[in-house]
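Participant: Handing you a structure now.
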Amino acid sequence: MGFGYKWILSFCMLIIPIAITLGVLFPIQNKHRQDGHSGSVLGDGGFGSPGGGGMPKNKDNNVDLETVCTQFADLGNPKRYFWEKGQQQYTFNPNQWGLTNNQKSGMCMNVSLDDPLACCHGICRRTTASHRVNLALHSSKANTADFQVAFNNNGSYSKPEKAPPFSVTWQYKPAPAEQNNVHAFANVKLEEIFPKKLDSIKKLFVDFEWTYVLGSENSTTSQAASLGAQQVNTNVAIDMFADKNRDTSKDNVEAAWEIMIWFAAIGPSAHVIGQDSTSIRKTMTLNDTTTNAPVTFDLWADKHPSTKQYVMTWKAQQVTEKFHGDVYPLVNYILTTADSNFPTSEAYLGSFGMGTEAYDAPSNVTFYCPDFAVSVE
């Protein structure tokens, strides 16, 4: 009898805390779903994508067009996406940040199979095959951005270094004069390679093509050269971060140095850091290995006005929509220059991405990158 009493008491002491926890968690979870969030209130693995849970996708021969309605995401994360052995891994991030509390915004990625379901601004609708590449934004007044990536579910592409094609359609109002006017850096980022000691790198071979157009549709014919006249301000750039500390080099906020390579500066507001406060430090020319066309870059450098990072930017003198070649000579010049503000070859390169910084545009514009690959040697 005494044994039974102790057993009942132990059982009650076990079950009561569980019941209380579930009683608190269930209402919170219901509110989480009512507010339009997917997955568990405890988190979905950081992916911010439909379905949550972090379970890997099945391997098949379908093509998925991914959509998330969050400010940040890491689409392509190998914990959820299948990458064939030997295939370079990439993640994609809309990376939207420059909004005030009273500004509306949508940042959406889409999953599409034979019967694709598009979810944007909390509204879901079925789409036809013609919409799989890019979904139009319907708001003409609010700050908006729509970001898509087409993944091959078999994890392989035409070459081991190639990334899935991606695009972003966006529209932002100019920020107040005292604020940073960059609203987002939608980008593709290399994974599984960095951090890497800079003195161990011999080549950073990039292979890309991109277009920029007015409107909400992808196009193989670019209007980048004329967008500035339409009051569009943006850029297209490679963005890298480095630090003496291996772990810190992976942190885009805490890393000591940011190294950028701008292939386009569109609009009067698209100025590199240092352009308004310093002079050109160096001019260098790289040749496209496919066309042998020269691309000339000017180096600007200065401390970031709102962070502790020192920023070095190579800015192309002309809009360059296609480039196939090694950009490491630009990095190597920085490493071998006797400037105490610059990193040396002993530092670590912790991050390498490419994309577009969205400043402002009065109507929708679309950046489309159908071809991007990086080879690090």
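Residues in the structure tokens are numbered from 1 in each chain, the chains being A, B, ... in the order shown, and ligands are numbered from 1 in the order shown.
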I'd like the neighbourhood of Gln230 (chain A) as JSON, numbers by chain, where a residue qualifies if any of its atoms comes within 12 Å (using only C-alpha atoms), though same-chain residues fewer than 2 positions away should be ignored.
Facilitator: {"A": [213, 214, 215, 223, 224, 225, 226, 227, 228, 232, 233, 234, 266, 267, 268, 360, 361, 362, 363, 364, 365]}
Participant: For those residues, write all heavy atoms to a file as a short mmCIF file (atom, residue, chain, number, x, y, z; two decimals), in the first residue's frame.
Facilitator:
data_model
loop_
_atom_site.label_atom_id
_atom_site.label_comp_id
_atom_site.auth_asym_id
_atom_site.auth_seq_id
_atom_site.Cartn_x
_atom_site.Cartn_y
_atom_site.Cartn_z
N VAL A 213 16.20 45.03 -64.79
CA VAL A 213 15.18 45.63 -65.64
C VAL A 213 14.11 46.29 -64.79
O VAL A 213 13.94 45.96 -63.61
CB VAL A 213 14.52 44.59 -66.57
CG1 VAL A 213 15.53 43.99 -67.54
CG2 VAL A 213 13.83 43.49 -65.75
N LEU A 214 13.39 47.21 -65.39
CA LEU A 214 12.18 47.75 -64.77
C LEU A 214 11.09 46.69 -64.82
O LEU A 214 11.02 45.90 -65.76
CB LEU A 214 11.71 49.00 -65.52
CG LEU A 214 12.57 50.25 -65.40
CD1 LEU A 214 12.08 51.30 -66.39
CD2 LEU A 214 12.53 50.80 -63.98
N GLY A 215 10.23 46.67 -63.81
CA GLY A 215 9.13 45.73 -63.79
C GLY A 215 9.41 44.52 -62.93
O GLY A 215 10.39 44.46 -62.19
N GLN A 223 18.48 46.35 -68.74
CA GLN A 223 18.30 47.81 -68.83
C GLN A 223 19.16 48.52 -67.79
O GLN A 223 18.90 49.67 -67.46
CB GLN A 223 16.82 48.17 -68.62
CG GLN A 223 15.87 47.52 -69.60
CD GLN A 223 14.41 47.72 -69.20
OE1 GLN A 223 14.09 48.02 -68.05
NE2 GLN A 223 13.51 47.54 -70.16
N ALA A 224 20.18 47.84 -67.29
CA ALA A 224 20.96 48.38 -66.18
C ALA A 224 21.55 49.74 -66.48
O ALA A 224 21.58 50.63 -65.62
CB ALA A 224 22.07 47.40 -65.81
N ALA A 225 22.01 49.95 -67.71
CA ALA A 225 22.67 51.20 -68.06
C ALA A 225 21.73 52.40 -68.01
O ALA A 225 22.18 53.54 -67.84
CB ALA A 225 23.30 51.09 -69.44
N SER A 226 20.43 52.16 -68.12
CA SER A 226 19.47 53.27 -68.17
C SER A 226 18.62 53.38 -66.92
O SER A 226 17.80 54.29 -66.81
CB SER A 226 18.55 53.11 -69.39
OG SER A 226 17.82 51.90 -69.32
N LEU A 227 18.81 52.50 -65.94
CA LEU A 227 17.96 52.53 -64.75
C LEU A 227 18.19 53.77 -63.90
O LEU A 227 17.27 54.26 -63.24
CB LEU A 227 18.21 51.28 -63.89
CG LEU A 227 17.64 49.96 -64.41
CD1 LEU A 227 17.94 48.84 -63.44
CD2 LEU A 227 16.14 50.06 -64.66
N GLY A 228 19.41 54.28 -63.89
CA GLY A 228 19.69 55.48 -63.12
C GLY A 228 18.82 56.66 -63.54
O GLY A 228 18.40 57.46 -62.71
N VAL A 232 16.37 54.95 -60.17
CA VAL A 232 16.68 53.70 -59.47
C VAL A 232 18.10 53.80 -58.93
O VAL A 232 19.02 54.22 -59.63
CB VAL A 232 16.58 52.49 -60.41
CG1 VAL A 232 17.02 51.20 -59.71
CG2 VAL A 232 15.15 52.36 -60.94
N ASN A 233 18.29 53.43 -57.67
CA ASN A 233 19.61 53.42 -57.04
C ASN A 233 19.90 52.03 -56.49
O ASN A 233 19.17 51.53 -55.63
CB ASN A 233 19.67 54.45 -55.91
CG ASN A 233 19.60 55.88 -56.43
OD1 ASN A 233 20.58 56.40 -56.95
ND2 ASN A 233 18.45 56.52 -56.30
N THR A 234 20.96 51.42 -57.00
CA THR A 234 21.30 50.06 -56.59
C THR A 234 22.73 49.74 -57.02
O THR A 234 23.39 50.57 -57.67
CB THR A 234 20.31 49.05 -57.20
OG1 THR A 234 20.58 47.75 -56.70
CG2 THR A 234 20.40 49.03 -58.71
N ILE A 266 24.51 51.88 -59.96
CA ILE A 266 23.38 52.41 -60.71
C ILE A 266 22.70 53.51 -59.90
O ILE A 266 22.27 53.28 -58.77
CB ILE A 266 22.38 51.28 -61.05
CG1 ILE A 266 23.05 50.21 -61.91
CG2 ILE A 266 21.14 51.83 -61.74
CD1 ILE A 266 22.22 48.96 -62.11
N GLY A 267 22.58 54.70 -60.48
CA GLY A 267 21.91 55.81 -59.83
C GLY A 267 22.86 56.69 -59.05
O GLY A 267 23.94 56.26 -58.64
N PRO A 268 22.48 57.93 -58.80
CA PRO A 268 23.36 58.91 -58.14
C PRO A 268 23.65 58.60 -56.68
O PRO A 268 24.63 59.09 -56.12
CB PRO A 268 22.59 60.23 -58.28
CG PRO A 268 21.15 59.83 -58.44
CD PRO A 268 21.18 58.54 -59.21
N ASP A 360 16.90 52.39 -53.45
CA ASP A 360 15.53 52.83 -53.61
C ASP A 360 15.14 52.82 -55.09
O ASP A 360 16.00 52.92 -55.97
CB ASP A 360 15.31 54.23 -53.01
CG ASP A 360 16.18 55.29 -53.65
OD1 ASP A 360 15.73 55.88 -54.65
OD2 ASP A 360 17.30 55.53 -53.16
N ALA A 361 13.85 52.68 -55.33
CA ALA A 361 13.29 52.69 -56.69
C ALA A 361 11.83 53.09 -56.59
O ALA A 361 11.12 52.61 -55.70
CB ALA A 361 13.44 51.33 -57.35
N PRO A 362 11.34 53.93 -57.50
CA PRO A 362 9.95 54.38 -57.43
C PRO A 362 8.95 53.32 -57.88
O PRO A 362 7.76 53.44 -57.58
CB PRO A 362 9.92 55.60 -58.37
CG PRO A 362 11.02 55.33 -59.35
CD PRO A 362 12.09 54.62 -58.57
N SER A 363 9.41 52.30 -58.60
CA SER A 363 8.54 51.21 -59.04
C SER A 363 9.35 49.92 -59.04
O SER A 363 10.57 49.94 -58.81
CB SER A 363 7.97 51.49 -60.44
OG SER A 363 9.02 51.61 -61.39
N ASN A 364 8.71 48.81 -59.30
CA ASN A 364 9.39 47.53 -59.24
C ASN A 364 10.55 47.44 -60.23
O ASN A 364 10.43 47.84 -61.40
CB ASN A 364 8.41 46.40 -59.54
CG ASN A 364 7.44 46.16 -58.42
OD1 ASN A 364 7.57 46.75 -57.35
ND2 ASN A 364 6.47 45.30 -58.65
N VAL A 365 11.65 46.88 -59.75
CA VAL A 365 12.78 46.53 -60.61
C VAL A 365 13.18 45.10 -60.28
O VAL A 365 12.95 44.62 -59.17
CB VAL A 365 13.99 47.48 -60.43
CG1 VAL A 365 13.67 48.86 -60.95
CG2 VAL A 365 14.42 47.53 -58.97
#
Participant: DSSP on the backbone: which residues in region 162-305 of chain A end up as strand (DSSP E)? Give the answer as a PyMOL selection string.
Facilitator: chain A and resi 166-171+184-190+196-197+204-214+233-243+257-266+282-287+294-303
Participant: For Asp288 (chain A), list every protein, DNA or RNA residue within 6 Å, evaluated using only C-alpha atoms, and leave out those in the same chain fewer than 2 positions away; present the list as a list in words.
Facilitator: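 So the residues in contact are Thr290, Thr291, Asn292, Ala293, Phe323, His324 and Gly325 of chain A.
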Participant: Between A:Val327, A:Ala255, A:Met312, A:Ala229, single out the one closest to Val374 (chain A), counting only C-alpha atoms.
Facilitator: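 For Val374 (chain A), the nearest of the candidates is A:Val327.
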Participant: Let me make sure I understand: among A:Ile334, A:Ala184, A:Ile193, A:Val236, which one has the smallest atom-to-atom distance to Glu209 (chain A) if we use only C-alpha atoms?
Facilitator: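 Of A:Ile334, A:Ala184, A:Ile193, A:Val236, the one nearest Glu209 (chain A), counting only C-alpha atoms, is A:Val236.
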Participant: Looking at A:Asn245, A:Gln309, A:Thr296, A:Asn287, which one is nearest to Glu258 (chain A), with distances taken over only C-alpha atoms?
Facilitator: A:Gln309
